[in-house]
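J.: Take a look at work-v4.cif, mmCIF, C-alpha atoms:
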data_run
#
loop_
_atom_site.group_PDB
_atom_site.id
_atom_site.type_symbol
_atom_site.label_atom_id
_atom_site.label_comp_id
_atom_site.auth_asym_id
_atom_site.auth_seq_id
_atom_site.Cartn_x
_atom_site.Cartn_y
_atom_site.Cartn_z
ATOM 1 C CA MET A 1 -16.225 9.332 35.478
ATOM 2 C CA ILE A 2 -15.950 9.314 31.699
ATOM 3 C CA GLU A 3 -17.428 12.358 30.000
ATOM 4 C CA ILE A 4 -17.925 12.697 26.268
ATOM 5 C CA PHE A 5 -18.128 16.203 24.851
ATOM 6 C CA LYS A 6 -19.575 17.547 21.603
ATOM 7 C CA GLY A 7 -16.881 19.299 19.569
ATOM 8 C CA ARG A 8 -13.773 21.171 20.601
ATOM 9 C CA PRO A 9 -12.758 21.978 24.168
ATOM 10 C CA LEU A 10 -14.147 25.279 25.455
ATOM 11 C CA ASP A 11 -10.819 25.995 27.138
ATOM 12 C CA MET A 12 -7.914 25.407 24.743
ATOM 13 C CA SER A 13 -5.205 26.159 27.320
ATOM 14 C CA GLY A 14 -2.780 23.275 27.592
ATOM 15 C CA ARG A 15 -3.697 21.985 24.116
ATOM 16 C CA THR A 16 -1.052 21.715 21.401
ATOM 17 C CA GLU A 17 -1.128 23.821 18.250
ATOM 18 C CA ARG A 18 -1.510 20.654 16.182
ATOM 19 C CA GLU A 19 -4.540 19.548 18.180
ATOM 20 C CA ALA A 20 -6.121 23.017 17.929
ATOM 21 C CA ALA A 21 -5.488 23.019 14.175
ATOM 22 C CA VAL A 22 -7.420 19.738 13.815
ATOM 23 C CA TYR A 23 -10.414 21.183 15.685
ATOM 24 C CA ASP A 24 -10.219 24.342 13.548
ATOM 25 C CA TYR A 25 -10.160 22.268 10.369
ATOM 26 C CA LEU A 26 -13.082 20.061 11.399
ATOM 27 C CA ASP A 27 -15.093 23.081 12.522
ATOM 28 C CA ARG A 28 -14.399 24.952 9.249
ATOM 29 C CA LEU A 29 -15.749 21.947 7.351
ATOM 30 C CA GLY A 30 -18.816 21.772 9.602
ATOM 31 C CA ILE A 31 -17.948 18.242 10.723
ATOM 32 C CA ASP A 32 -19.628 17.097 13.933
ATOM 33 C CA TYR A 33 -17.614 14.978 16.332
ATOM 34 C CA ASP A 34 -17.686 13.701 19.880
ATOM 35 C CA ARG A 35 -14.555 14.112 22.007
ATOM 36 C CA LEU A 36 -13.199 12.124 24.923
ATOM 37 C CA ASP A 37 -10.214 13.487 26.843
ATOM 38 C CA HIS A 38 -8.181 10.810 28.608
ATOM 39 C CA GLU A 39 -4.785 9.815 29.904
ATOM 40 C CA PRO A 40 -2.218 9.023 27.184
ATOM 41 C CA ALA A 41 -3.399 6.024 25.148
ATOM 42 C CA GLN A 42 -0.258 3.963 25.654
ATOM 43 C CA THR A 43 -1.547 0.778 27.271
ATOM 44 C CA ALA A 44 -4.093 -1.838 26.300
ATOM 45 C CA GLU A 45 -6.132 -1.011 29.400
ATOM 46 C CA VAL A 46 -6.447 2.678 28.529
ATOM 47 C CA CYS A 47 -7.271 1.870 24.905
ATOM 48 C CA GLU A 48 -9.969 -0.571 26.025
ATOM 49 C CA ARG A 49 -11.596 2.084 28.237
ATOM 50 C CA ILE A 50 -11.558 4.529 25.308
ATOM 51 C CA THR A 51 -13.062 1.911 23.000
ATOM 52 C CA GLU A 52 -15.865 1.203 25.466
ATOM 53 C CA ALA A 53 -16.588 4.888 26.025
ATOM 54 C CA LEU A 54 -16.737 5.746 22.314
ATOM 55 C CA SER A 55 -18.595 2.613 21.255
ATOM 56 C CA PRO A 56 -19.931 1.864 18.702
ATOM 57 C CA ALA A 57 -17.141 3.725 16.868
ATOM 58 C CA THR A 58 -14.558 1.415 15.295
ATOM 59 C CA ALA A 59 -11.239 1.540 17.110
ATOM 60 C CA CYS A 60 -8.443 2.042 14.603
ATOM 61 C CA LYS A 61 -4.801 1.069 14.430
ATOM 62 C CA ASN A 62 -2.852 3.622 12.383
ATOM 63 C CA LEU A 63 0.426 2.540 10.844
ATOM 64 C CA PHE A 64 2.944 4.812 9.150
ATOM 65 C CA LEU A 65 4.646 2.714 6.484
ATOM 66 C CA THR A 66 7.278 3.041 3.803
ATOM 67 C CA ASN A 67 8.312 0.923 0.837
ATOM 68 C CA SER A 68 11.662 -0.880 0.678
ATOM 69 C CA LYS A 69 13.312 2.043 -1.140
ATOM 70 C CA GLY A 70 12.088 4.514 1.465
ATOM 71 C CA ASP A 71 10.740 6.838 -1.217
ATOM 72 C CA GLU A 72 6.992 6.245 -0.770
ATOM 73 C CA PHE A 73 5.029 6.650 2.446
ATOM 74 C CA PHE A 74 1.644 5.341 3.495
ATOM 75 C CA LEU A 75 -0.778 5.744 6.368
ATOM 76 C CA LEU A 76 -2.711 2.525 6.882
ATOM 77 C CA VAL A 77 -5.894 2.854 8.935
ATOM 78 C CA MET A 78 -7.153 -0.555 10.031
ATOM 79 C CA ARG A 79 -9.286 -2.048 12.772
ATOM 80 C CA ALA A 80 -7.376 -2.185 16.033
ATOM 81 C CA ASP A 81 -8.090 -5.893 16.472
ATOM 82 C CA LYS A 82 -6.576 -6.906 13.132
ATOM 83 C CA HIS A 83 -3.038 -8.084 12.501
ATOM 84 C CA PHE A 84 -0.853 -6.213 9.999
ATOM 85 C CA THR A 85 0.799 -8.279 7.282
ATOM 86 C CA GLY A 86 2.909 -6.060 5.068
ATOM 87 C CA ARG A 87 3.081 -8.385 2.090
ATOM 88 C CA ILE A 88 -0.732 -8.531 1.821
ATOM 89 C CA VAL A 89 -1.023 -4.758 1.662
ATOM 90 C CA ALA A 90 2.043 -4.356 -0.581
ATOM 91 C CA HIS A 91 0.591 -6.823 -3.082
ATOM 92 C CA GLN A 92 -2.758 -4.975 -3.200
ATOM 93 C CA ILE A 93 -1.174 -1.594 -3.860
ATOM 94 C CA GLY A 94 1.565 -2.832 -6.191
ATOM 95 C CA SER A 95 4.383 -1.812 -3.877
ATOM 96 C CA THR A 96 7.637 -3.342 -2.789
ATOM 97 C CA ARG A 97 7.938 -4.691 0.752
ATOM 98 C CA LEU A 98 6.384 -2.412 3.374
ATOM 99 C CA SER A 99 7.901 -1.660 6.746
ATOM 100 C CA PHE A 100 7.340 0.883 9.459
ATOM 101 C CA GLY A 101 8.459 4.406 8.636
ATOM 102 C CA SER A 102 10.864 6.189 10.944
ATOM 103 C CA ALA A 103 9.801 8.544 13.715
ATOM 104 C CA GLU A 104 11.640 11.327 11.891
ATOM 105 C CA LYS A 105 9.663 10.811 8.667
ATOM 106 C CA LEU A 106 6.423 10.485 10.641
ATOM 107 C CA TRP A 107 7.072 13.903 12.158
ATOM 108 C CA GLU A 108 8.274 15.390 8.861
ATOM 109 C CA TYR A 109 5.212 14.337 6.861
ATOM 110 C CA LEU A 110 2.376 14.019 9.378
ATOM 111 C CA GLY A 111 3.592 16.239 12.216
ATOM 112 C CA VAL A 112 2.888 13.701 14.947
ATOM 113 C CA THR A 113 4.746 11.305 17.167
ATOM 114 C CA SER A 114 4.154 7.577 17.387
ATOM 115 C CA GLY A 115 0.955 6.873 19.293
ATOM 116 C CA SER A 116 -0.705 10.094 18.124
ATOM 117 C CA VAL A 117 -1.017 9.277 14.435
ATOM 118 C CA SER A 118 -4.494 8.855 12.981
ATOM 119 C CA LEU A 119 -6.513 9.596 9.880
ATOM 120 C CA LEU A 120 -6.678 13.220 11.033
ATOM 121 C CA SER A 121 -2.875 13.520 10.817
ATOM 122 C CA ILE A 122 -3.073 13.925 7.050
ATOM 123 C CA VAL A 123 -4.163 17.513 7.659
ATOM 124 C CA ASN A 124 -0.439 18.207 8.271
ATOM 125 C CA ASP A 125 0.636 16.623 4.958
ATOM 126 C CA LYS A 126 0.172 19.751 2.846
ATOM 127 C CA ASN A 127 1.955 18.268 -0.195
ATOM 128 C CA CYS A 128 0.076 14.942 -0.082
ATOM 129 C CA CYS A 129 3.310 12.965 0.230
ATOM 130 C CA VAL A 130 1.639 10.211 2.269
ATOM 131 C CA GLN A 131 -0.799 7.854 0.564
ATOM 132 C CA LEU A 132 -3.851 6.987 2.627
ATOM 133 C CA LEU A 133 -4.830 3.307 2.821
ATOM 134 C CA VAL A 134 -7.999 2.297 4.659
ATOM 135 C CA ASP A 135 -8.973 -1.261 5.508
ATOM 136 C CA GLU A 136 -12.394 -2.095 4.066
ATOM 137 C CA ASP A 137 -13.843 -2.893 7.505
ATOM 138 C CA VAL A 138 -12.949 0.596 8.748
ATOM 139 C CA TYR A 139 -14.102 2.159 5.491
ATOM 140 C CA ASN A 140 -17.517 0.523 5.891
ATOM 141 C CA SER A 141 -17.890 1.431 9.581
ATOM 142 C CA PRO A 142 -20.577 4.037 10.303
ATOM 143 C CA LEU A 143 -18.380 5.660 12.995
ATOM 144 C CA ILE A 144 -14.621 5.707 13.471
ATOM 145 C CA ARG A 145 -12.404 6.696 16.361
ATOM 146 C CA CYS A 146 -9.278 8.769 15.848
ATOM 147 C CA HIS A 147 -6.846 11.029 17.687
ATOM 148 C CA PRO A 148 -6.687 14.766 16.928
ATOM 149 C CA CYS A 149 -2.865 14.564 16.534
ATOM 150 C CA VAL A 150 -2.403 13.870 20.265
ATOM 151 C CA ASN A 151 -2.944 10.650 22.182
ATOM 152 C CA THR A 152 -4.718 12.329 25.103
ATOM 153 C CA SER A 153 -7.998 12.873 23.237
ATOM 154 C CA SER A 154 -10.038 10.666 20.954
ATOM 155 C CA LEU A 155 -12.775 11.687 18.554
ATOM 156 C CA ARG A 156 -15.780 9.799 17.226
ATOM 157 C CA ILE A 157 -16.554 10.867 13.654
ATOM 158 C CA GLY A 158 -19.049 9.626 11.105
ATOM 159 C CA ARG A 159 -17.876 7.709 8.052
ATOM 160 C CA GLU A 160 -19.102 10.231 5.472
ATOM 161 C CA ASP A 161 -17.472 13.145 7.282
ATOM 162 C CA ALA A 162 -14.176 11.326 7.799
ATOM 163 C CA PHE A 163 -13.668 9.594 4.479
ATOM 164 C CA PHE A 164 -15.339 12.011 2.106
ATOM 165 C CA ARG A 165 -15.483 15.523 3.509
ATOM 166 C CA PHE A 166 -12.291 15.536 5.582
ATOM 167 C CA VAL A 167 -10.037 13.454 3.323
ATOM 168 C CA SER A 168 -11.205 15.304 0.226
ATOM 169 C CA ALA A 169 -10.649 18.718 1.847
ATOM 170 C CA THR A 170 -7.012 17.824 2.612
ATOM 171 C CA GLY A 171 -6.367 17.061 -1.063
ATOM 172 C CA HIS A 172 -5.710 13.395 -0.346
ATOM 173 C CA SER A 173 -7.456 10.424 -1.860
ATOM 174 C CA LEU A 174 -7.800 7.093 -0.187
ATOM 175 C CA ARG A 175 -7.406 3.552 -1.322
ATOM 176 C CA VAL A 176 -9.406 0.762 0.259
ATOM 177 C CA VAL A 177 -7.437 -2.391 1.060
ATOM 178 C CA LYS A 178 -8.475 -5.730 2.499
ATOM 179 C CA MET A 179 -6.662 -7.006 5.572
#
Since I need it in another form, could you write the structure as structure tokens?
T.:
Amino acid sequence: MIEIFKGRPLDMSGRTEREAAVYDYLDRLGIDYDRLDHEPAQTAEVCERITEALSPATACKNLFLTNSKGDEFFLLVMRADKHFTGRIVAHQIGSTRLSFGSAEKLWEYLGVTSGSVSLLSIVNDKNCCVQLLVDEDVYNSPLIRCHPCVNTSSLRIGREDAFFRFVSATGHSLRVVKM
């Protein structure tokens, strides 16, 4: 049976420090969120079950990108059902060719591994080295779904809380792009 909880887990044993830090940050900001704990979100079947459970929240695909020189980094948050075309995004932001950033840089800047990255990962980017890009469809969604720096939980957060309160509190700004 799928159970959705309000807020952080009551028992934090077995949770990572990074995950706990996300809950602490959201709670400090007074941001309400729903939480679904689940098996690792590594297959289409698991992701579909999560999407159904947290509906009507928009399921997001989160891509860690770098420019061709490897000296600028981006986190692109887009609808999970959209296709990524690097040249379209690069053109909109005035960048050189975009490609996927390395796992090492993902960990260095956002403190997560592939599959656990989400909008909430920017909380680990204390120096604002990663530029946040949000697809307009996600930006205009009333609710979004994101991982709290682990792929075994998913949160449903309101648009205002995610894109204004949370992003602003981290010191980041966001740029809306059209996919």
J.: As a PyMOL selection string, please: the residues near Ser68 of chain A (cut-off 10 Å, only C-alpha atoms, same-chain neighbours under 3 positions excluded).
T.: chain A and resi 65+71-72+95-100
J.: List the residues selected by the PyMOL selection byres ((chain A and resi 42-49) around 12) in the file shown, writing them as a VMD selection string.
T.: chain A and resid 1 to 3 36 to 41 50 to 55 58 to 61 80 to 81 114 to 116 145 to 147 150 to 154
J.: Could you name the residues that touch Asp161 of chain A at 10 Å or less, counting only C-alpha atoms, but leaving out those on the same chain fewer than 2 positions away, as a list in words?
T.: Leu26, Leu29, Gly30, Ile31, Asp32, Tyr33, Leu143, Ile157, Gly158, Arg159, Phe163, Phe164, Arg165, Phe166, Val167 and Ser168 of chain A
J.: Between A:Asn127, A:Asn140, A:Ser102, A:Ser13, single out the one closest to Glu160 of chain A, counting all atoms listed in the file.
T.: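 Looking at the shortest contact to Glu160 of chain A, the residue is A:Asn140.
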J.: Between A:Val112, A:Val89, A:Leu75, A:Val176, which one has atoms that come closest to Asp135 of chain A, using only C-alpha atoms?
T.: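 Of A:Val112, A:Val89, A:Leu75, A:Val176, the one nearest Asp135 of chain A, counting only C-alpha atoms, is A:Val176.
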J.: Rank nothing, just name the residue among A:Tyr139, A:Phe84, A:Tyr109, A:Phe5 nearest to Ile122 of chain A, using all atoms listed in the file.
T.: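 Answer, going by the shortest atom-to-atom distance: A:Tyr109.
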J.: Could you tell me how far atom CA of Gly101 of chain A sits from atom CA of Arg156 of chain A, in Å to one decimal place?
T.: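 Calculated distance between atom CA of Arg156 of chain A and atom CA of Gly101 of chain A is 26.3 Å.
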J.: List the residues sitting within 6 Å of (-0.9, 4.7, 6.0) in the file's frame, using all atoms listed in the file, as a ChimeraX atom specification.
T.: /A:63-65,74-76,132-133
J.: Keeping only C-alpha atoms, write the selected residues as a PDB file, in the coordinates of the input.
T.:
ATOM      1  CA  LEU A  63       0.426   2.540  10.844  1.00  0.00           C
ATOM      2  CA  PHE A  64       2.944   4.812   9.150  1.00  0.00           C
ATOM      3  CA  LEU A  65       4.646   2.714   6.484  1.00  0.00           C
ATOM      4  CA  PHE A  74       1.644   5.341   3.495  1.00  0.00           C
ATOM      5  CA  LEU A  75      -0.778   5.744   6.368  1.00  0.00           C
ATOM      6  CA  LEU A  76      -2.711   2.525   6.882  1.00  0.00           C
ATOM      7  CA  LEU A 132      -3.851   6.987   2.627  1.00  0.00           C
ATOM      8  CA  LEU A 133      -4.830   3.307   2.821  1.00  0.00           C
TER       9      LEU A 133
END
J.: Atom CA of Val22 of chain A and atom CA of Val177 of chain A are how many Å apart?
T.: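 Taking atom CA of Val22 of chain A as the start and atom CA of Val177 of chain A as the end point, the length is 25.5 Å.
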